[in-house]
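One file, model.cif, carrying mmCIF, C-alpha atoms:
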data_upload
loop_
_atom_site.label_atom_id
_atom_site.label_comp_id
_atom_site.auth_asym_id
_atom_site.auth_seq_id
_atom_site.Cartn_x
_atom_site.Cartn_y
_atom_site.Cartn_z
CA MET A 22 11.75 16.38 -31.41
CA SER A 23 12.74 14.51 -34.55
CA PRO A 24 14.38 11.29 -33.35
CA SER A 25 17.58 10.10 -34.98
CA ALA A 26 17.96 6.57 -36.29
CA ASP A 27 19.76 5.55 -33.08
CA GLN A 28 17.01 7.07 -30.94
CA ILE A 29 14.34 5.30 -32.96
CA ALA A 30 16.20 2.02 -32.38
CA ILE A 31 16.16 2.64 -28.63
CA ARG A 32 12.46 3.50 -28.68
CA ASP A 33 11.63 0.41 -30.73
CA ALA A 34 13.69 -1.84 -28.44
CA ALA A 35 11.72 -0.57 -25.45
CA ARG A 36 8.41 -0.81 -27.31
CA ASP A 37 8.99 -4.36 -28.56
CA PHE A 38 10.17 -5.62 -25.17
CA LEU A 39 7.26 -4.08 -23.29
CA ALA A 40 4.71 -5.31 -25.84
CA ALA A 41 5.95 -8.85 -25.30
CA ASN A 42 6.54 -8.74 -21.56
CA ALA A 43 4.47 -5.95 -19.96
CA THR A 44 1.17 -7.36 -21.15
CA PHE A 45 -2.10 -6.46 -19.45
CA ASP A 46 -2.13 -9.76 -17.55
CA HIS A 47 1.46 -9.37 -16.38
CA VAL A 48 0.90 -5.80 -15.23
CA HIS A 49 -2.34 -6.72 -13.48
CA ARG A 50 -0.70 -9.60 -11.61
CA ALA A 51 2.23 -7.41 -10.56
CA LEU A 52 0.02 -4.56 -9.35
CA SER A 53 -2.13 -7.04 -7.43
CA SER A 54 0.86 -8.61 -5.68
CA PRO A 55 1.86 -7.58 -2.13
CA GLU A 56 4.83 -5.53 -3.39
CA GLY A 57 2.98 -4.04 -6.35
CA TRP A 58 5.74 -4.36 -8.93
CA SER A 59 7.59 -6.91 -11.10
CA ARG A 60 11.19 -7.73 -10.20
CA ASP A 61 11.56 -10.01 -13.22
CA LEU A 62 10.47 -7.23 -15.57
CA TRP A 63 12.88 -4.84 -13.86
CA THR A 64 15.81 -7.24 -14.17
CA GLN A 65 15.20 -7.81 -17.87
CA PHE A 66 14.49 -4.22 -18.84
CA ALA A 67 16.94 -2.46 -16.54
CA THR A 68 19.98 -4.72 -16.58
CA GLU A 69 19.73 -7.18 -19.46
CA LEU A 70 18.60 -4.51 -21.97
CA GLY A 71 20.61 -1.79 -20.24
CA PHE A 72 17.85 0.78 -19.75
CA ALA A 73 18.86 1.43 -16.14
CA GLY A 74 22.06 3.07 -17.34
CA LEU A 75 20.65 4.95 -20.30
CA ALA A 76 21.81 8.36 -19.01
CA ILE A 77 24.80 7.08 -17.01
CA PRO A 78 28.22 7.88 -18.61
CA GLU A 79 29.89 5.00 -20.42
CA ALA A 80 32.89 5.25 -18.09
CA LEU A 81 30.54 4.37 -15.21
CA GLY A 82 28.91 1.43 -16.95
CA GLY A 83 26.05 3.17 -18.72
CA SER A 84 25.17 4.19 -22.26
CA GLY A 85 26.07 7.88 -21.96
CA LEU A 86 22.86 9.12 -23.57
CA GLY A 87 20.67 12.11 -22.72
CA LEU A 88 17.21 13.51 -22.08
CA GLY A 89 15.95 12.68 -25.58
CA GLU A 90 16.60 8.98 -25.10
CA LEU A 91 15.17 9.07 -21.57
CA ALA A 92 12.01 10.73 -22.89
CA LEU A 93 11.54 8.12 -25.62
CA ALA A 94 11.91 5.27 -23.13
CA ALA A 95 9.58 7.04 -20.69
CA GLU A 96 6.86 7.32 -23.36
CA GLU A 97 6.92 3.57 -23.90
CA LEU A 98 6.88 2.80 -20.19
CA GLY A 99 3.98 5.18 -19.70
CA ALA A 100 2.04 3.54 -22.51
CA SER A 101 2.48 0.07 -21.01
CA LEU A 102 2.14 1.07 -17.31
CA ALA A 103 5.08 -1.23 -16.67
CA PRO A 104 5.25 -1.71 -12.86
CA ILE A 105 8.98 -1.04 -12.41
CA PRO A 106 10.95 1.77 -10.69
CA TRP A 107 12.68 2.93 -13.86
CA PHE A 108 11.84 6.62 -13.55
CA GLU A 109 12.79 6.67 -9.88
CA SER A 110 16.18 5.02 -10.37
CA ALA A 111 17.33 5.65 -13.96
CA VAL A 112 16.00 9.21 -14.16
CA LEU A 113 15.26 10.87 -10.81
CA SER A 114 18.17 9.35 -8.90
CA ALA A 115 20.62 9.23 -11.81
CA LEU A 116 20.12 12.90 -12.73
CA THR A 117 20.40 13.92 -9.07
CA LEU A 118 23.69 12.06 -8.74
CA GLN A 119 24.98 13.65 -11.93
CA ALA A 120 23.98 17.12 -10.75
CA ILE A 121 25.81 16.66 -7.45
CA GLY A 122 28.82 14.94 -9.05
CA ALA A 123 28.53 11.54 -7.34
CA THR A 124 29.99 8.74 -9.47
CA ALA A 125 30.03 5.50 -7.45
CA GLN A 126 26.27 5.46 -7.05
CA GLN A 127 25.78 6.04 -10.78
CA SER A 128 27.67 2.80 -11.44
CA ASP A 129 25.34 1.07 -8.98
CA ILE A 130 22.30 2.29 -10.92
CA ALA A 131 23.78 1.13 -14.23
CA ARG A 132 24.12 -2.41 -12.88
CA GLY A 133 20.51 -2.47 -11.69
CA LEU A 134 20.58 -1.30 -8.08
CA ILE A 135 17.26 0.39 -7.33
CA MET A 136 17.47 3.94 -5.98
CA THR A 137 14.87 6.57 -5.23
CA LEU A 138 14.81 10.10 -3.89
CA ALA A 139 13.48 10.87 -0.40
CA LEU A 140 12.28 14.45 0.07
CA ARG A 141 9.82 16.05 2.48
CA ASP A 142 7.03 15.69 -0.07
CA ALA A 143 6.44 14.71 -3.67
CA LEU A 144 6.68 18.22 -5.11
CA GLY A 145 10.38 18.81 -4.61
CA LYS A 146 9.86 22.08 -2.74
CA PRO A 147 12.74 23.45 -0.68
CA LEU A 148 12.53 22.00 2.80
CA PRO A 149 11.76 24.54 5.55
CA LEU A 150 13.75 24.19 8.74
CA GLY A 151 12.14 21.78 11.16
CA ILE A 152 10.21 19.92 8.44
CA GLY A 153 11.34 16.70 6.81
CA PRO A 154 14.68 14.92 7.17
CA GLU A 155 17.45 16.94 8.81
CA ILE A 156 20.83 16.46 10.40
CA ARG A 157 20.76 16.71 14.18
CA GLY A 158 23.68 15.77 16.37
CA GLY A 159 25.59 14.38 13.41
CA ALA A 160 22.82 11.90 12.50
CA LEU A 161 19.90 11.81 10.07
CA GLU A 162 16.50 12.36 11.70
CA GLY A 163 12.92 12.93 10.57
CA GLU A 164 10.51 11.70 7.91
CA ALA A 165 10.19 11.78 4.13
CA HIS A 166 6.71 11.33 2.69
CA TYR A 167 5.46 10.10 -0.69
CA VAL A 168 8.75 8.41 -1.58
CA PRO A 169 8.15 6.64 -4.92
CA TYR A 170 8.99 2.93 -4.83
CA GLY A 171 10.56 3.50 -1.42
CA HIS A 172 9.50 0.05 -0.24
CA VAL A 173 11.59 -1.77 -2.88
CA ALA A 174 14.61 0.55 -3.09
CA ASP A 175 18.07 -0.75 -2.32
CA GLN A 176 19.31 2.76 -1.58
CA LEU A 177 17.75 6.13 -0.79
CA ILE A 178 19.10 9.50 -1.87
CA VAL A 179 17.96 11.66 1.02
CA ALA A 180 17.65 15.44 0.92
CA ALA A 181 18.12 16.73 4.48
CA ARG A 182 18.43 20.14 6.09
CA GLU A 183 21.87 20.76 7.52
CA GLY A 184 22.54 24.09 9.18
CA GLY A 185 21.00 26.72 6.91
CA GLY A 186 21.19 24.66 3.73
CA LEU A 187 20.36 21.36 2.11
CA SER A 188 22.60 18.30 1.92
CA LEU A 189 22.26 15.01 0.03
CA PHE A 190 23.08 11.57 1.44
CA ALA A 191 23.11 8.04 0.03
CA ILE A 192 21.53 5.80 2.66
CA ALA A 193 21.03 2.04 2.36
CA ALA A 194 17.36 1.17 2.67
CA ASP A 195 18.18 -1.47 5.27
CA ALA A 196 20.49 0.77 7.32
CA GLN A 197 19.99 0.83 11.07
CA GLY A 198 17.41 3.43 12.02
CA VAL A 199 15.59 3.44 8.65
CA GLU A 200 11.94 2.42 8.71
CA ILE A 201 9.98 2.22 5.43
CA THR A 202 6.19 1.96 5.41
CA PRO A 203 4.26 1.51 2.15
CA ALA A 204 1.42 4.01 1.69
CA ILE A 205 -2.10 3.23 0.50
CA THR A 206 -2.65 5.18 -2.73
CA LEU A 207 -5.23 5.47 -5.48
CA ASP A 208 -2.66 5.14 -8.28
CA LEU A 209 -1.24 1.62 -8.05
CA THR A 210 1.16 2.21 -10.95
CA ARG A 211 3.47 4.39 -8.83
CA PRO A 212 3.59 3.03 -5.27
CA LEU A 213 4.65 5.44 -2.52
CA ALA A 214 6.10 5.01 0.95
CA THR A 215 6.87 6.96 4.10
CA VAL A 216 10.48 6.73 5.27
CA ARG A 217 11.44 7.48 8.88
CA PHE A 218 15.00 8.14 9.98
CA ALA A 219 16.07 7.74 13.61
CA HIS A 220 19.73 8.40 14.49
CA VAL A 221 20.91 7.18 11.07
CA ASP A 222 24.69 7.23 10.63
CA ILE A 223 25.84 9.58 7.84
CA SER A 224 29.60 9.28 8.34
CA SER A 225 30.18 7.73 4.90
CA ALA A 226 26.93 8.71 3.19
CA ARG A 227 27.46 12.31 2.12
CA LEU A 228 26.99 13.36 -1.51
CA GLY A 229 28.36 16.77 -2.39
CA PRO A 230 29.28 19.69 -0.14
CA PRO A 231 27.53 20.17 3.22
CA GLY A 232 24.53 22.47 3.08
CA ASP A 233 25.06 23.44 -0.56
CA SER A 234 23.10 20.84 -2.55
CA GLU A 235 19.82 22.63 -3.19
CA PRO A 236 20.75 24.15 -6.61
CA ALA A 237 21.84 20.73 -7.91
CA LEU A 238 18.70 19.08 -6.54
CA MET A 239 16.39 21.68 -8.05
CA ARG A 240 18.07 21.26 -11.46
CA ALA A 241 17.76 17.48 -11.28
CA LEU A 242 14.08 17.74 -10.34
CA ALA A 243 13.41 20.10 -13.25
CA LEU A 244 15.06 17.75 -15.76
CA SER A 245 13.30 14.75 -14.23
CA GLY A 246 10.00 16.60 -14.55
CA ALA A 247 10.54 16.89 -18.29
CA VAL A 248 11.02 13.12 -18.55
CA LEU A 249 7.98 12.51 -16.33
CA ALA A 250 5.94 14.67 -18.72
CA ALA A 251 7.03 12.37 -21.54
CA GLU A 252 5.88 9.37 -19.52
CA GLN A 253 2.48 10.99 -19.03
#
Entire entry expressed as structure tokens:
Amino acid sequence: MSPSADQIAIRDAARDFLAANATFDHVHRALSSPEGWSRDLWTQFATELGFAGLAIPEALGGSGLGLGELALAAEELGASLAPIPWFESAVLSALTLQAIGATAQQSDIARGLIMTLALRDALGKPLPLGIGPEIRGGALEGEAHYVPYGHVADQLIVAAREGGGLSLFAIAADAQGVEITPAITLDLTRPLATVRFAHVDISSARLGPPGDSEPALMRALALSGAVLAAEQ
């Protein structure tokens, strides 16, 4: 890719900010803290500089940019190991919401609300029946493993089996019946969690059509994987 002048400006803004604020000492202190991340760094980078809404449409409070800009920002974040849930919220969740056509939650991301995606596992494989979160008796049940930054998320985008298909739901992290347990991992720069759902109300949480969300999710995961490659 040959970046345009505007893209170079975005890259340099991220690079300059992270060089000044995501120093080795700052990152080390954040990773050594009980939560393993820096809320101050997130607030400055995501909301004050606007990087949370990089790919969110302008009409929803974002910058209306695309994968090229996301990739350039991801490269800088990967270089600094900044301990913030930018990929999880501004990329993984934002692109999933766009693929499914959900708008209200995109506005939430643009203003700095932290979201992450809860699947059966970290690979984004289709969820076999009986494994992972599913809808039983009109409520969300089951477990999602390896949820990135699950322990600090304000909201979870949950992929759950419903009937013979896959549905997506936006669930508040502090909703009744949601239990989030941080996992012990080797890589401290991307903390993971296990999320358990027990009789969680989904009456106002649905994103997209019932049982027909898997194509949108798979597309969002593929695009997110391209940005993650840039971060690496």
Set out as a tab-separated table a contact list for stretch 134-222 of chain A and stretch 101-114 of chain A with a cut-off of 8 Å, giving each residue of stretch 134-222 of chain A that qualifies its closest atom pair and distance in Å to one decimal, counting all atoms listed in the file, ordered by chain and rising residue number.
residue	atom	partner	partner_atom	distance
A:Ile135	CA	A:Ser110	CA	5.6
A:Met136	CA	A:Ser110	CA	4.7
A:Thr137	CA	A:Glu109	CA	5.1
A:Leu138	CA	A:Ser114	CA	6.1
A:Pro169	CA	A:Glu109	CA	6.8
A:Tyr170	CA	A:Pro106	CA	6.3
A:Ile178	CA	A:Ser114	CA	7.1
A:Thr210	CA	A:Pro104	CA	6.0
A:Arg211	CA	A:Pro104	CA	7.5
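The spacing separating atom CA of A:Leu177 from atom CA of A:Leu140 amounts to 10.0 Å.
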- If the PyMOL selection byres ((chain A and resi 122) around 12) is run on the structure shown, which residues does it catch, given as a list in words? Ile77, Pro78, Ala115, Leu116, Thr117, Leu118, Gln119, Ala120, Ile121, Ala123, Thr124, Ala125, Gln126, Gln127, Leu189, Arg227, Leu228, Gly229, Pro230, Ser234, Ala237, Leu238 and Ala241 of chain A
- Message: As a check of understanding, name the residues that the PyMOL selection byres ((chain A and resi 74) around 6) selects in the supplied structure, as number ranges by chain.
- Response: A: 71-73, 75-77, 83-84, 131
- Which residues match the PyMOL selection byres ((chain A and resi 166) around 10) in the file above, as a PyMOL selection string? chain A and resi 139-143+153-154+164-165+167-169+171+202+204+213-217
Report the centre and edge lengths, in Å to one decimal, of an axis-aligned box enclosing every atom of stretch 214-219 of chain A listed in the file, padded by 4 Å on each side, as AutoDock Vina command-line options.
--center_x 11.1 --center_y 6.6 --center_z 7.3 --size_x 18.0 --size_y 11.1 --size_z 20.7
Could I get stretch 78-111 of chain A from the block written as a compact mmCIF listing (two decimals), in the first residue's frame, with N, CA, C and O atoms?
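Dumped everything to result_19.txt:
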# COMPACT_ATOMS: atom_id res chain seq x y z
N PRO A 78 -18.85 5.29 10.57
CA PRO A 78 -19.31 6.37 9.68
C PRO A 78 -19.43 7.71 10.40
O PRO A 78 -19.72 7.76 11.60
N GLU A 79 -19.20 8.77 9.67
CA GLU A 79 -19.28 10.11 10.25
C GLU A 79 -20.66 10.38 10.84
O GLU A 79 -20.79 11.06 11.86
N ALA A 80 -21.70 9.88 10.19
CA ALA A 80 -23.07 10.10 10.68
C ALA A 80 -23.29 9.48 12.06
O ALA A 80 -24.22 9.87 12.77
N LEU A 81 -22.43 8.53 12.44
CA LEU A 81 -22.56 7.86 13.73
C LEU A 81 -21.50 8.34 14.72
O LEU A 81 -21.32 7.73 15.78
N GLY A 82 -20.79 9.40 14.37
CA GLY A 82 -19.83 9.97 15.30
C GLY A 82 -18.39 9.60 15.05
O GLY A 82 -17.51 9.98 15.82
N GLY A 83 -18.12 8.85 13.98
CA GLY A 83 -16.76 8.43 13.70
C GLY A 83 -16.11 9.23 12.59
O GLY A 83 -16.58 10.31 12.22
N SER A 84 -15.02 8.68 12.05
CA SER A 84 -14.26 9.36 11.01
C SER A 84 -14.60 8.85 9.61
O SER A 84 -14.18 9.46 8.62
N GLY A 85 -15.29 7.74 9.51
CA GLY A 85 -15.71 7.22 8.21
C GLY A 85 -14.59 6.72 7.33
O GLY A 85 -14.69 6.77 6.11
N LEU A 86 -13.51 6.22 7.95
CA LEU A 86 -12.37 5.75 7.17
C LEU A 86 -12.43 4.23 7.01
O LEU A 86 -13.41 3.60 7.37
N GLY A 87 -11.37 3.63 6.44
CA GLY A 87 -11.46 2.22 6.07
C GLY A 87 -10.33 1.36 6.58
O GLY A 87 -9.60 1.73 7.52
N LEU A 88 -10.14 0.21 5.92
CA LEU A 88 -9.16 -0.77 6.36
C LEU A 88 -7.73 -0.23 6.28
O LEU A 88 -6.89 -0.58 7.10
N GLY A 89 -7.45 0.61 5.29
CA GLY A 89 -6.10 1.15 5.17
C GLY A 89 -5.71 1.95 6.40
O GLY A 89 -4.61 1.79 6.95
N GLU A 90 -6.61 2.80 6.85
CA GLU A 90 -6.34 3.62 8.05
C GLU A 90 -6.27 2.75 9.30
O GLU A 90 -5.44 2.98 10.19
N LEU A 91 -7.15 1.75 9.38
CA LEU A 91 -7.10 0.83 10.52
C LEU A 91 -5.76 0.10 10.56
O LEU A 91 -5.16 -0.06 11.63
N ALA A 92 -5.29 -0.33 9.40
CA ALA A 92 -4.02 -1.06 9.34
C ALA A 92 -2.85 -0.18 9.78
O ALA A 92 -1.96 -0.64 10.50
N LEU A 93 -2.85 1.07 9.35
CA LEU A 93 -1.76 1.97 9.73
C LEU A 93 -1.75 2.22 11.24
O LEU A 93 -0.69 2.23 11.88
N ALA A 94 -2.92 2.41 11.82
CA ALA A 94 -3.00 2.59 13.27
C ALA A 94 -2.58 1.32 13.99
O ALA A 94 -1.87 1.36 15.01
N ALA A 95 -3.00 0.17 13.47
CA ALA A 95 -2.66 -1.11 14.09
C ALA A 95 -1.16 -1.35 14.11
O ALA A 95 -0.61 -1.87 15.09
N GLU A 96 -0.47 -0.96 13.03
CA GLU A 96 0.99 -1.12 12.98
C GLU A 96 1.67 -0.35 14.12
O GLU A 96 2.59 -0.85 14.77
N GLU A 97 1.19 0.86 14.36
CA GLU A 97 1.79 1.68 15.42
C GLU A 97 1.49 1.12 16.80
O GLU A 97 2.35 1.11 17.69
N LEU A 98 0.27 0.63 16.99
CA LEU A 98 -0.08 0.03 18.28
C LEU A 98 0.69 -1.26 18.52
O LEU A 98 1.11 -1.55 19.64
N GLY A 99 0.91 -2.02 17.45
CA GLY A 99 1.70 -3.24 17.60
C GLY A 99 3.14 -2.94 17.93
O GLY A 99 3.78 -3.66 18.71
N ALA A 100 3.68 -1.88 17.36
CA ALA A 100 5.07 -1.51 17.62
C ALA A 100 5.27 -1.07 19.07
O ALA A 100 6.33 -1.32 19.66
N SER A 101 4.26 -0.42 19.63
CA SER A 101 4.40 0.11 20.99
C SER A 101 3.91 -0.86 22.06
O SER A 101 4.19 -0.66 23.24
N LEU A 102 3.16 -1.92 21.66
CA LEU A 102 2.52 -2.83 22.61
C LEU A 102 1.61 -2.08 23.57
O LEU A 102 1.47 -2.44 24.74
N ALA A 103 0.96 -1.04 23.07
CA ALA A 103 0.08 -0.24 23.92
C ALA A 103 -1.01 -1.13 24.54
O ALA A 103 -1.74 -1.81 23.82
N PRO A 104 -1.13 -1.12 25.86
CA PRO A 104 -2.07 -2.02 26.55
C PRO A 104 -3.49 -1.45 26.59
O PRO A 104 -4.02 -1.08 27.64
N ILE A 105 -4.12 -1.39 25.42
CA ILE A 105 -5.49 -0.88 25.33
C ILE A 105 -6.30 -1.77 24.38
O ILE A 105 -5.74 -2.39 23.47
N PRO A 106 -7.62 -1.83 24.56
CA PRO A 106 -8.47 -2.72 23.75
C PRO A 106 -8.92 -2.10 22.44
O PRO A 106 -10.09 -2.19 22.05
N TRP A 107 -7.98 -1.47 21.72
CA TRP A 107 -8.34 -0.81 20.48
C TRP A 107 -8.77 -1.80 19.41
O TRP A 107 -9.80 -1.61 18.76
N PHE A 108 -7.99 -2.85 19.19
CA PHE A 108 -8.36 -3.81 18.16
C PHE A 108 -9.72 -4.45 18.47
O PHE A 108 -10.57 -4.60 17.59
N GLU A 109 -9.93 -4.80 19.72
CA GLU A 109 -11.16 -5.48 20.11
C GLU A 109 -12.39 -4.61 19.89
O GLU A 109 -13.44 -5.10 19.43
N SER A 110 -12.28 -3.33 20.19
CA SER A 110 -13.44 -2.44 20.11
C SER A 110 -13.54 -1.75 18.76
O SER A 110 -14.56 -1.84 18.07
N ALA A 111 -12.48 -1.06 18.35
CA ALA A 111 -12.52 -0.22 17.14
C ALA A 111 -12.43 -1.02 15.85
O ALA A 111 -12.77 -0.50 14.78
